[in-house]
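Content type CSV, C-alpha atoms, from the file start-v6.csv:
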```csv
chain,number,residue,atom,x,y,z
E,1,MET,CA,12.1,10.1,-17.8
E,2,ASN,CA,14.4,7.1,-18.6
E,3,GLY,CA,13.3,3.6,-19.6
E,4,SER,CA,13.1,2.3,-16.1
E,5,ALA,CA,10.9,5.2,-15.0
E,6,TRP,CA,8.5,4.7,-18.0
E,7,GLY,CA,8.4,1.0,-17.1
E,8,LEU,CA,7.4,1.9,-13.5
E,9,VAL,CA,4.6,4.2,-14.6
E,10,ILE,CA,3.3,1.8,-17.3
E,11,ALA,CA,3.4,-1.2,-14.8
E,12,THR,CA,1.5,0.7,-12.1
E,13,PHE,CA,-0.9,2.2,-14.7
E,14,LEU,CA,-1.9,-1.3,-16.1
E,15,ALA,CA,-2.2,-3.0,-12.7
E,16,SER,CA,-4.2,-0.1,-11.3
E,17,ALA,CA,-6.5,0.1,-14.4
E,18,VAL,CA,-7.5,-3.6,-13.8
E,19,GLU,CA,-8.3,-3.0,-10.2
E,20,THR,CA,-10.1,0.3,-10.8
E,21,VAL,CA,-12.4,-1.3,-13.4
E,22,GLU,CA,-13.4,-3.9,-10.9
E,23,ALA,CA,-14.1,-1.3,-8.2
E,24,PHE,CA,-16.0,0.9,-10.7
E,25,THR,CA,-18.4,-2.0,-11.5
E,26,ILE,CA,-19.2,-2.4,-7.8
E,27,VAL,CA,-19.7,1.4,-7.2
E,28,LEU,CA,-21.8,1.7,-10.3
E,29,ALA,CA,-24.1,-1.2,-9.1
E,30,VAL,CA,-24.4,0.4,-5.7
E,31,GLY,CA,-25.0,3.9,-7.1
E,32,ILE,CA,-27.7,2.9,-9.6
E,33,THR,CA,-29.6,0.5,-7.2
E,34,ARG,CA,-29.1,2.2,-3.8
E,35,GLY,CA,-28.4,5.8,-4.7
E,36,TRP,CA,-25.2,7.8,-5.3
E,37,LYS,CA,-25.0,9.5,-1.9
E,38,SER,CA,-24.1,6.4,0.0
E,39,ALA,CA,-22.0,5.0,-2.8
E,40,LEU,CA,-19.9,8.1,-3.1
E,41,LEU,CA,-19.6,8.3,0.7
E,42,GLY,CA,-18.3,4.8,0.7
E,43,VAL,CA,-15.8,5.6,-2.0
E,44,GLY,CA,-14.6,8.7,-0.1
E,45,ALA,CA,-14.2,6.8,3.2
E,46,ALA,CA,-12.2,4.0,1.4
E,47,LEU,CA,-10.0,6.4,-0.4
E,48,ALA,CA,-9.2,8.3,2.9
E,49,LEU,CA,-8.3,5.0,4.6
E,50,LEU,CA,-6.1,4.0,1.6
E,51,VAL,CA,-4.3,7.4,1.6
E,52,ALA,CA,-3.7,7.0,5.4
E,53,LEU,CA,-2.2,3.5,4.8
E,54,VAL,CA,0.2,4.9,2.1
E,55,VAL,CA,1.2,7.8,4.4
E,56,LEU,CA,1.8,5.3,7.3
E,57,ILE,CA,3.6,2.5,5.3
E,58,GLY,CA,5.3,4.5,2.5
E,59,PRO,CA,8.1,6.3,4.5
E,60,GLY,CA,8.8,3.2,6.6
E,61,LEU,CA,9.3,1.1,3.4
E,62,LEU,CA,11.8,3.7,2.1
E,63,ALA,CA,13.8,3.5,5.3
E,64,ILE,CA,14.5,-0.3,5.0
E,65,PRO,CA,18.0,-1.2,3.7
E,66,ILE,CA,17.7,-1.7,-0.1
E,67,ASN,CA,18.9,-5.4,-0.1
E,68,THR,CA,16.3,-6.4,2.6
E,69,LEU,CA,13.7,-4.5,0.7
E,70,ARG,CA,14.6,-6.2,-2.6
E,71,LEU,CA,14.4,-9.7,-0.9
E,72,VAL,CA,11.1,-9.1,0.8
E,73,VAL,CA,9.4,-7.0,-1.9
E,74,GLY,CA,10.9,-9.2,-4.7
E,75,GLY,CA,9.5,-12.3,-3.0
E,76,LEU,CA,6.0,-10.7,-2.5
E,77,LEU,CA,6.0,-9.4,-6.0
E,78,LEU,CA,7.0,-12.8,-7.4
E,79,ILE,CA,4.3,-14.6,-5.5
E,80,PHE,CA,1.7,-12.0,-6.6
E,81,GLY,CA,3.0,-12.1,-10.2
E,82,LEU,CA,2.9,-15.9,-10.4
E,83,GLN,CA,-0.7,-15.9,-9.1
E,84,TRP,CA,-1.8,-13.4,-11.7
E,85,LEU,CA,0.1,-15.1,-14.4
E,86,ARG,CA,-1.5,-18.5,-13.4
E,87,LYS,CA,-5.0,-17.0,-13.5
E,88,ALA,CA,-4.4,-15.2,-16.8
E,89,ILE,CA,-2.9,-18.4,-18.4
E,90,LEU,CA,-5.9,-20.5,-17.2
E,91,ARG,CA,-8.4,-17.9,-18.5
E,92,ALA,CA,-6.6,-17.5,-21.9
E,93,SER,CA,-6.6,-21.3,-22.4
E,94,GLY,CA,-10.2,-21.8,-21.4
E,95,LEU,CA,-9.6,-23.6,-18.1
E,96,LYS,CA,-11.1,-20.7,-16.1
E,97,ALA,CA,-14.0,-18.4,-16.9
E,98,ILE,CA,-13.1,-14.9,-18.3
E,99,HIS,CA,-13.9,-12.1,-15.9
E,100,ASP,CA,-17.1,-10.6,-17.1
E,101,GLU,CA,-17.9,-7.1,-15.8
E,102,VAL,CA,-21.4,-7.1,-17.3
E,103,ALA,CA,-22.3,-10.4,-15.5
E,104,ILE,CA,-20.7,-9.2,-12.3
E,105,PHE,CA,-22.7,-5.9,-12.5
E,106,ALA,CA,-26.0,-7.8,-13.0
E,107,ARG,CA,-25.3,-10.1,-10.1
E,108,GLU,CA,-24.3,-7.3,-7.8
E,109,ALA,CA,-27.3,-5.1,-8.8
E,110,ALA,CA,-29.8,-8.1,-8.2
E,111,GLU,CA,-28.3,-8.7,-4.8
E,112,LEU,CA,-28.5,-5.0,-3.9
E,113,ARG,CA,-32.2,-4.8,-5.0
E,114,GLU,CA,-33.1,-7.9,-2.9
E,115,HIS,CA,-31.8,-6.0,0.2
E,116,GLY,CA,-35.0,-3.9,0.5
E,117,PRO,CA,-35.9,-0.4,-0.6
E,118,VAL,CA,-33.8,2.7,0.2
E,119,VAL,CA,-35.5,5.6,2.1
E,120,PRO,CA,-35.1,8.7,-0.1
E,121,GLY,CA,-32.5,11.1,1.3
E,122,ALA,CA,-31.6,8.8,4.2
E,123,PHE,CA,-28.1,7.3,4.7
E,124,ASP,CA,-28.0,3.8,3.3
E,125,ALA,CA,-25.5,1.8,5.5
E,126,TYR,CA,-25.7,-1.3,3.2
E,127,GLY,CA,-24.9,0.7,0.0
E,128,PHE,CA,-22.1,2.6,1.9
E,129,SER,CA,-20.5,-0.6,3.2
E,130,LEU,CA,-20.5,-2.3,-0.2
E,131,ALA,CA,-19.0,0.7,-2.0
E,132,PHE,CA,-16.5,1.1,0.8
E,133,LYS,CA,-15.5,-2.6,0.7
E,134,GLY,CA,-15.2,-2.8,-3.0
E,135,VAL,CA,-13.0,0.3,-3.3
E,136,PHE,CA,-10.9,-0.5,-0.3
E,137,LEU,CA,-10.2,-4.1,-1.3
E,138,GLU,CA,-9.4,-3.2,-4.9
E,139,GLY,CA,-7.5,-0.1,-3.9
E,140,PHE,CA,-5.4,-2.1,-1.4
E,141,GLU,CA,-4.1,-4.1,-4.4
E,142,VAL,CA,-3.3,-0.8,-6.1
E,143,ILE,CA,-1.3,0.6,-3.2
E,144,PHE,CA,0.5,-2.8,-2.8
E,145,ILE,CA,1.7,-2.4,-6.4
E,146,VAL,CA,2.5,1.3,-6.1
E,147,LEU,CA,4.4,0.8,-2.8
E,148,THR,CA,6.4,-2.2,-3.9
E,149,PHE,CA,7.4,-1.0,-7.3
E,150,GLY,CA,7.9,2.6,-6.0
E,151,ALA,CA,10.0,1.6,-3.0
E,152,ILE,CA,12.4,-0.5,-5.0
E,153,HIS,CA,12.8,2.3,-7.6
E,154,GLN,CA,13.0,4.7,-4.7
E,155,SER,CA,10.3,6.7,-6.4
E,156,VAL,CA,6.8,6.1,-4.9
E,157,GLY,CA,5.7,9.4,-6.5
E,158,LEU,CA,6.2,8.1,-10.1
E,159,ALA,CA,4.5,4.8,-9.2
E,160,ALA,CA,1.6,6.8,-7.7
E,161,LEU,CA,1.4,8.8,-10.9
E,162,GLY,CA,0.8,5.7,-13.0
E,163,ALA,CA,-1.9,4.6,-10.6
E,164,LEU,CA,-3.5,8.0,-10.5
E,165,LEU,CA,-3.6,8.2,-14.3
E,166,ALA,CA,-5.3,4.8,-14.4
E,167,VAL,CA,-7.9,5.8,-11.9
E,168,ILE,CA,-8.6,9.1,-13.8
E,169,ALA,CA,-8.8,7.2,-17.1
E,170,VAL,CA,-11.2,4.6,-15.8
E,171,ILE,CA,-13.5,7.2,-14.1
E,172,VAL,CA,-13.6,9.4,-17.2
E,173,ILE,CA,-14.3,6.5,-19.5
E,174,GLY,CA,-16.9,5.1,-17.0
E,175,PHE,CA,-18.6,8.5,-16.8
E,176,ILE,CA,-18.8,8.7,-20.5
E,177,VAL,CA,-20.2,5.2,-21.1
E,178,ARG,CA,-22.2,5.0,-17.8
E,179,ALA,CA,-22.0,1.2,-17.9
E,180,PRO,CA,-19.8,-1.6,-16.7
E,181,LEU,CA,-16.4,-1.4,-18.6
E,182,SER,CA,-16.8,-4.7,-20.4
E,183,LYS,CA,-14.6,-3.6,-23.3
E,184,VAL,CA,-11.5,-3.3,-21.2
E,185,PRO,CA,-9.3,-6.3,-22.0
E,186,GLU,CA,-8.9,-7.2,-18.4
E,187,ASN,CA,-7.3,-10.6,-18.9
E,188,LEU,CA,-4.7,-9.2,-21.3
E,189,LEU,CA,-3.9,-6.5,-18.7
E,190,LYS,CA,-3.6,-9.1,-16.0
E,191,PHE,CA,-1.4,-11.2,-18.3
E,192,ILE,CA,0.9,-8.2,-18.9
E,193,VAL,CA,1.0,-7.3,-15.2
E,194,GLY,CA,1.7,-10.9,-14.2
E,195,ILE,CA,4.6,-11.0,-16.6
E,196,VAL,CA,6.1,-7.7,-15.4
E,197,ALA,CA,5.6,-8.6,-11.7
E,198,THR,CA,7.1,-12.0,-12.1
E,199,THR,CA,10.1,-10.6,-14.0
E,200,PHE,CA,10.9,-7.9,-11.5
E,201,GLY,CA,10.1,-10.3,-8.6
E,202,ILE,CA,12.7,-12.7,-9.8
E,203,PHE,CA,15.2,-10.0,-10.6
E,204,TRP,CA,14.9,-8.2,-7.2
E,205,GLY,CA,14.5,-11.4,-5.2
E,206,VAL,CA,17.9,-12.8,-6.5
E,207,GLU,CA,19.6,-9.4,-6.0
E,208,GLY,CA,18.1,-9.2,-2.5
E,209,ALA,CA,19.6,-12.6,-1.7
E,210,GLY,CA,23.0,-11.1,-2.5
E,211,VAL,CA,23.6,-12.6,-5.9
E,212,ASP,CA,24.6,-10.5,-8.9
E,213,TRP,CA,22.9,-11.1,-12.3
E,214,PRO,CA,25.1,-11.7,-15.3
E,215,GLY,CA,24.7,-8.6,-17.4
E,216,ASN,CA,23.3,-6.6,-14.4
E,217,ASP,CA,20.2,-4.7,-15.4
E,218,LEU,CA,20.2,-6.3,-18.9
E,219,ALA,CA,19.2,-9.5,-17.2
E,220,ILE,CA,15.7,-8.0,-16.9
E,221,VAL,CA,15.2,-8.2,-20.6
E,222,GLY,CA,16.2,-11.9,-20.6
E,223,ILE,CA,13.8,-12.7,-17.7
E,224,LEU,CA,11.0,-10.8,-19.3
E,225,ALA,CA,11.5,-12.6,-22.7
E,226,PHE,CA,11.6,-16.0,-20.9
E,227,THR,CA,8.5,-15.3,-18.8
E,228,LEU,CA,6.6,-14.2,-22.0
E,229,LEU,CA,7.7,-17.3,-24.0
E,230,PHE,CA,6.9,-19.6,-21.1
E,231,SER,CA,3.4,-18.0,-20.7
E,232,LEU,CA,2.6,-18.2,-24.4
E,233,ALA,CA,3.8,-21.8,-24.6
E,234,ALA,CA,1.7,-22.7,-21.5
E,235,VAL,CA,-1.4,-21.1,-23.1
E,236,ALA,CA,-0.8,-22.9,-26.4
E,237,TYR,CA,-0.2,-26.3,-24.6
E,238,LEU,CA,-3.2,-26.0,-22.3
E,239,LYS,CA,-5.5,-24.7,-25.1
E,240,ALA,CA,-4.6,-27.8,-27.2
E,241,LYS,CA,-5.2,-30.1,-24.2
E,242,VAL,CA,-8.6,-28.5,-23.5
E,243,GLU,CA,-9.7,-28.7,-27.1
E,244,SER,CA,-8.7,-32.3,-27.5
E,245,HIS,CA,-10.5,-33.1,-24.2
E,246,SER,CA,-13.7,-31.3,-25.5
E,247,ALA,CA,-13.4,-33.3,-28.7
E,248,VAL,CA,-13.3,-36.6,-26.9
E,249,VAL,CA,-16.2,-35.6,-24.6
E,250,SER,CA,-18.4,-34.5,-27.5
E,251,ALA,CA,-17.5,-37.5,-29.7
U,1,MET,CA,-13.1,-8.8,15.2
U,2,LYS,CA,-15.0,-10.1,12.3
U,3,GLY,CA,-13.7,-7.3,10.1
U,4,ILE,CA,-10.1,-8.0,11.1
U,5,LYS,CA,-10.5,-11.7,10.3
U,6,ALA,CA,-12.1,-10.8,7.0
U,7,PHE,CA,-9.2,-8.4,6.2
U,8,PHE,CA,-6.6,-11.0,7.0
U,9,ALA,CA,-8.5,-13.5,4.9
U,10,PHE,CA,-8.4,-11.0,2.0
U,11,VAL,CA,-4.6,-10.4,2.5
U,12,TYR,CA,-4.0,-14.1,2.4
U,13,ASP,CA,-6.2,-14.5,-0.7
U,14,PHE,CA,-4.5,-11.5,-2.3
U,15,ILE,CA,-0.9,-12.6,-1.8
U,16,VAL,CA,-1.1,-16.4,-1.5
U,17,GLY,CA,-4.1,-16.7,-3.9
U,18,ASP,CA,-5.5,-19.8,-5.5
U,19,ASP,CA,-2.5,-22.0,-5.0
U,20,TRP,CA,-0.4,-21.8,-1.8
U,21,ARG,CA,2.2,-24.0,-3.3
U,22,LEU,CA,3.4,-21.2,-5.5
U,23,ALA,CA,4.0,-19.0,-2.5
U,24,LEU,CA,5.8,-21.8,-0.7
U,25,ALA,CA,8.0,-22.4,-3.8
U,26,VAL,CA,9.0,-18.7,-3.9
U,27,VAL,CA,9.9,-18.7,-0.2
U,28,LEU,CA,12.0,-21.9,-0.6
U,29,GLY,CA,13.6,-20.6,-3.8
U,30,LEU,CA,14.6,-17.3,-2.1
U,31,ALA,CA,15.9,-19.1,1.0
U,32,LEU,CA,17.9,-21.6,-1.2
U,33,THR,CA,19.4,-18.7,-3.3
U,34,TRP,CA,20.4,-16.8,-0.1
U,35,GLY,CA,21.7,-19.9,1.6
U,36,LEU,CA,23.8,-21.0,-1.3
U,37,ASN,CA,25.2,-17.5,-1.8
U,38,SER,CA,26.1,-17.3,2.0
U,39,ALA,CA,28.0,-20.6,1.6
U,40,GLY,CA,29.9,-19.1,-1.3
U,41,TYR,CA,27.9,-20.5,-4.3
U,42,PRO,CA,26.1,-17.5,-6.0
U,43,MET,CA,23.5,-19.2,-8.2
U,44,TRP,CA,21.2,-16.7,-9.9
U,45,TRP,CA,19.3,-19.4,-11.8
U,46,VAL,CA,17.9,-21.2,-8.8
U,47,LEU,CA,15.0,-18.9,-8.2
U,48,PRO,CA,13.8,-18.8,-11.9
U,49,ILE,CA,13.9,-22.6,-12.1
U,50,VAL,CA,12.0,-23.1,-8.8
U,51,SER,CA,9.5,-20.4,-9.8
U,52,PHE,CA,8.7,-21.6,-13.3
U,53,GLY,CA,8.8,-25.2,-12.2
U,54,ALA,CA,6.2,-24.4,-9.5
U,55,LEU,CA,4.1,-22.5,-12.0
U,56,ALA,CA,4.2,-25.4,-14.5
U,57,TRP,CA,3.3,-27.9,-11.8
U,58,SER,CA,0.4,-25.6,-10.6
U,59,LEU,CA,-1.0,-25.3,-14.2
U,60,ARG,CA,-0.7,-29.1,-14.6
U,61,ARG,CA,-2.7,-29.6,-11.5
U,62,ALA,CA,-5.4,-27.2,-12.8
U,63,LEU,CA,-5.5,-29.1,-16.1
U,64,GLN,CA,-5.8,-32.5,-14.3
U,65,SER,CA,-8.7,-31.2,-12.1
U,66,HIS,CA,-10.4,-29.9,-15.3
U,67,ASP,CA,-10.0,-33.3,-17.0
U,68,ARG,CA,-11.4,-35.2,-14.1
U,69,PRO,CA,-15.0,-36.0,-14.7
```
As structure tokens, how would this structure be written, given the file I've shared?
Amino acid sequence: MNGSAWGLVIATFLASAVETVEAFTIVLAVGITRGWKSALLGVGAALALLVALVVLIGPGLLAIPINTLRLVVGGLLLIFGLQWLRKAILRASGLKAIHDEVAIFAREAAELREHGPVVPGAFDAYGFSLAFKGVFLEGFEVIFIVLTFGAIHQSVGLAALGALLAVIAVIVIGFIVRAPLSKVPENLLKFIVGIVATTFGIFWGVEGAGVDWPGNDLAIVGILAFTLLFSLAAVAYLKAKVESHSAVVSA
Amino acid sequence: MKGIKAFFAFVYDFIVGDDWRLALAVVLGLALTWGLNSAGYPMWWVLPIVSFGALAWSLRRALQSHDRP
């Protein structure tokens, strides 16, 4: 595999890991409070629908002319990347609460318990729908990343490999610890994915608009470095502002 | 019907997210880059400037709403 292929696998691995951790928390809450049968049925149904979506959309994406694909996918990826980066910068600087899987698990489990008892052995539609929704919505984000990155590289298989490795890693770790995966540095992963998505979104968007980059593919390194520096500077600036504001309030 | 509405709400939230201005800036940046290139002015730096400008503005808005009592 060359550097670009490694980049593709790593980007889809990181993005998929974040989403799988979030889906895992929901499924764990449903499984523990409402029973594993309905939870796993919900997971299976959501995965089947996601696979069907990939089979339906994937080949169509690969048939689109590469410049149109770069323009549209680059634009979508850039919007997505800027949103993730914004969220990660706000969390790192203390302007937004850090995603806490333990708190989310506790809240989900309390809501599930309030919904009444489960009849042993019976199909629990509520647990099923929650597990289905959680896996489908988080999984939808994973297939968006897999299809966009994969289509541009003309290698959906490699992108899917990154996602699959992430799902397997999260499930194996989750099975071992049997608790919400609170130790996974979700914000750091989101930060990295935001930077990568923003970088490739800008690169492909400009190429899709018909403009060549100075230095061709080497421009990616420049955009990546600038995006990283911008993000770190933004975190430092906002952190300082938040701290000075807190000092004024507490004085 | 409710499910379809909820799905589109999710897609909107997923792509457009917390600040729709970022999405609008990207669309405008791409259109401007494409339009300028079509007119014979290939300018690769337009999209990065528009994107990072919009992100800086969005972060500033978030900071201001945090500072507001």
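The closest residue to chain U, picked from E:Leu78, E:Ala219, E:Ala92, E:Ala122 and counting all atoms listed in the file, is E:Leu78.
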Could you tell me which residues of chain E sit within 8 Å of chain U when counting all atoms listed in the file, and give me the result as a PDB file with C-alpha atoms, keeping the file's coordinate frame?
```pdb
ATOM      1  CA  LEU E  71      14.400  -9.700  -0.900  1.00  0.00           C
ATOM      2  CA  GLY E  75       9.500 -12.300  -3.000  1.00  0.00           C
ATOM      3  CA  LEU E  76       6.000 -10.700  -2.500  1.00  0.00           C
ATOM      4  CA  LEU E  78       7.000 -12.800  -7.400  1.00  0.00           C
ATOM      5  CA  ILE E  79       4.300 -14.600  -5.500  1.00  0.00           C
ATOM      6  CA  PHE E  80       1.700 -12.000  -6.600  1.00  0.00           C
ATOM      7  CA  LEU E  82       2.900 -15.900 -10.400  1.00  0.00           C
ATOM      8  CA  GLN E  83      -0.700 -15.900  -9.100  1.00  0.00           C
ATOM      9  CA  ARG E  86      -1.500 -18.500 -13.400  1.00  0.00           C
ATOM     10  CA  LEU E  90      -5.900 -20.500 -17.200  1.00  0.00           C
ATOM     11  CA  LEU E  95      -9.600 -23.600 -18.100  1.00  0.00           C
ATOM     12  CA  LEU E 137     -10.200  -4.100  -1.300  1.00  0.00           C
ATOM     13  CA  GLU E 141      -4.100  -4.100  -4.400  1.00  0.00           C
ATOM     14  CA  ILE E 202      12.700 -12.700  -9.800  1.00  0.00           C
ATOM     15  CA  GLY E 205      14.500 -11.400  -5.200  1.00  0.00           C
ATOM     16  CA  VAL E 206      17.900 -12.800  -6.500  1.00  0.00           C
ATOM     17  CA  ALA E 209      19.600 -12.600  -1.700  1.00  0.00           C
ATOM     18  CA  GLY E 210      23.000 -11.100  -2.500  1.00  0.00           C
ATOM     19  CA  VAL E 211      23.600 -12.600  -5.900  1.00  0.00           C
ATOM     20  CA  ASP E 212      24.600 -10.500  -8.900  1.00  0.00           C
ATOM     21  CA  TRP E 213      22.900 -11.100 -12.300  1.00  0.00           C
ATOM     22  CA  ALA E 234       1.700 -22.700 -21.500  1.00  0.00           C
ATOM     23  CA  LEU E 238      -3.200 -26.000 -22.300  1.00  0.00           C
ATOM     24  CA  HIS E 245     -10.500 -33.100 -24.200  1.00  0.00           C
TER      25      HIS E 245
END
```
Can you tell me which residues surround segment 157-172 of chain E at a distance of at most 10 Å, considering only C-alpha atoms, apart from same-chain residues fewer than 3 positions away, and format the answer as a ChimeraX atom specification? /E:1,5-21,24,139,142-143,145-151,153-154,175-178,181,184
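Ranking E:Leu56, E:Arg70, E:Asp100, E:Leu112 by their shortest atom-to-atom distance to Leu28 of chain E, with only C-alpha atoms included, puts E:Leu112 first.
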#### Entry: Interatomic distance, atom CA of Phe123 of chain E to atom CA of Gly44 of chain E (Å, one decimal)
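That distance, rounded to one decimal, is 14.4 Å.
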Checklist line | Distance of atom CA of Glu138 of chain E from atom CA of His115 of chain E, expressed in Å to one decimal place | finding: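 Taking atom CA of His115 of chain E as the start and atom CA of Glu138 of chain E as the end point, the length is 23.1 Å.
Reported to one decimal place, the separation of atom CA of Ile192 of chain E from atom CA of Ile98 of chain E is 15.5 Å.
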Self-check item: Nearest residue to Asp124 of chain E from the set E:Leu41, E:Ala97, E:Glu207, E:Leu232 (distances using all atoms listed in the file)
Solution: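 Smallest separation from Asp124 of chain E among the options: E:Leu41.
Nearest residue to Leu62 of chain E, choosing from E:Leu50, E:Ala29, E:Ser155, E:Ala179 and counting all atoms listed in the file: E:Ser155.
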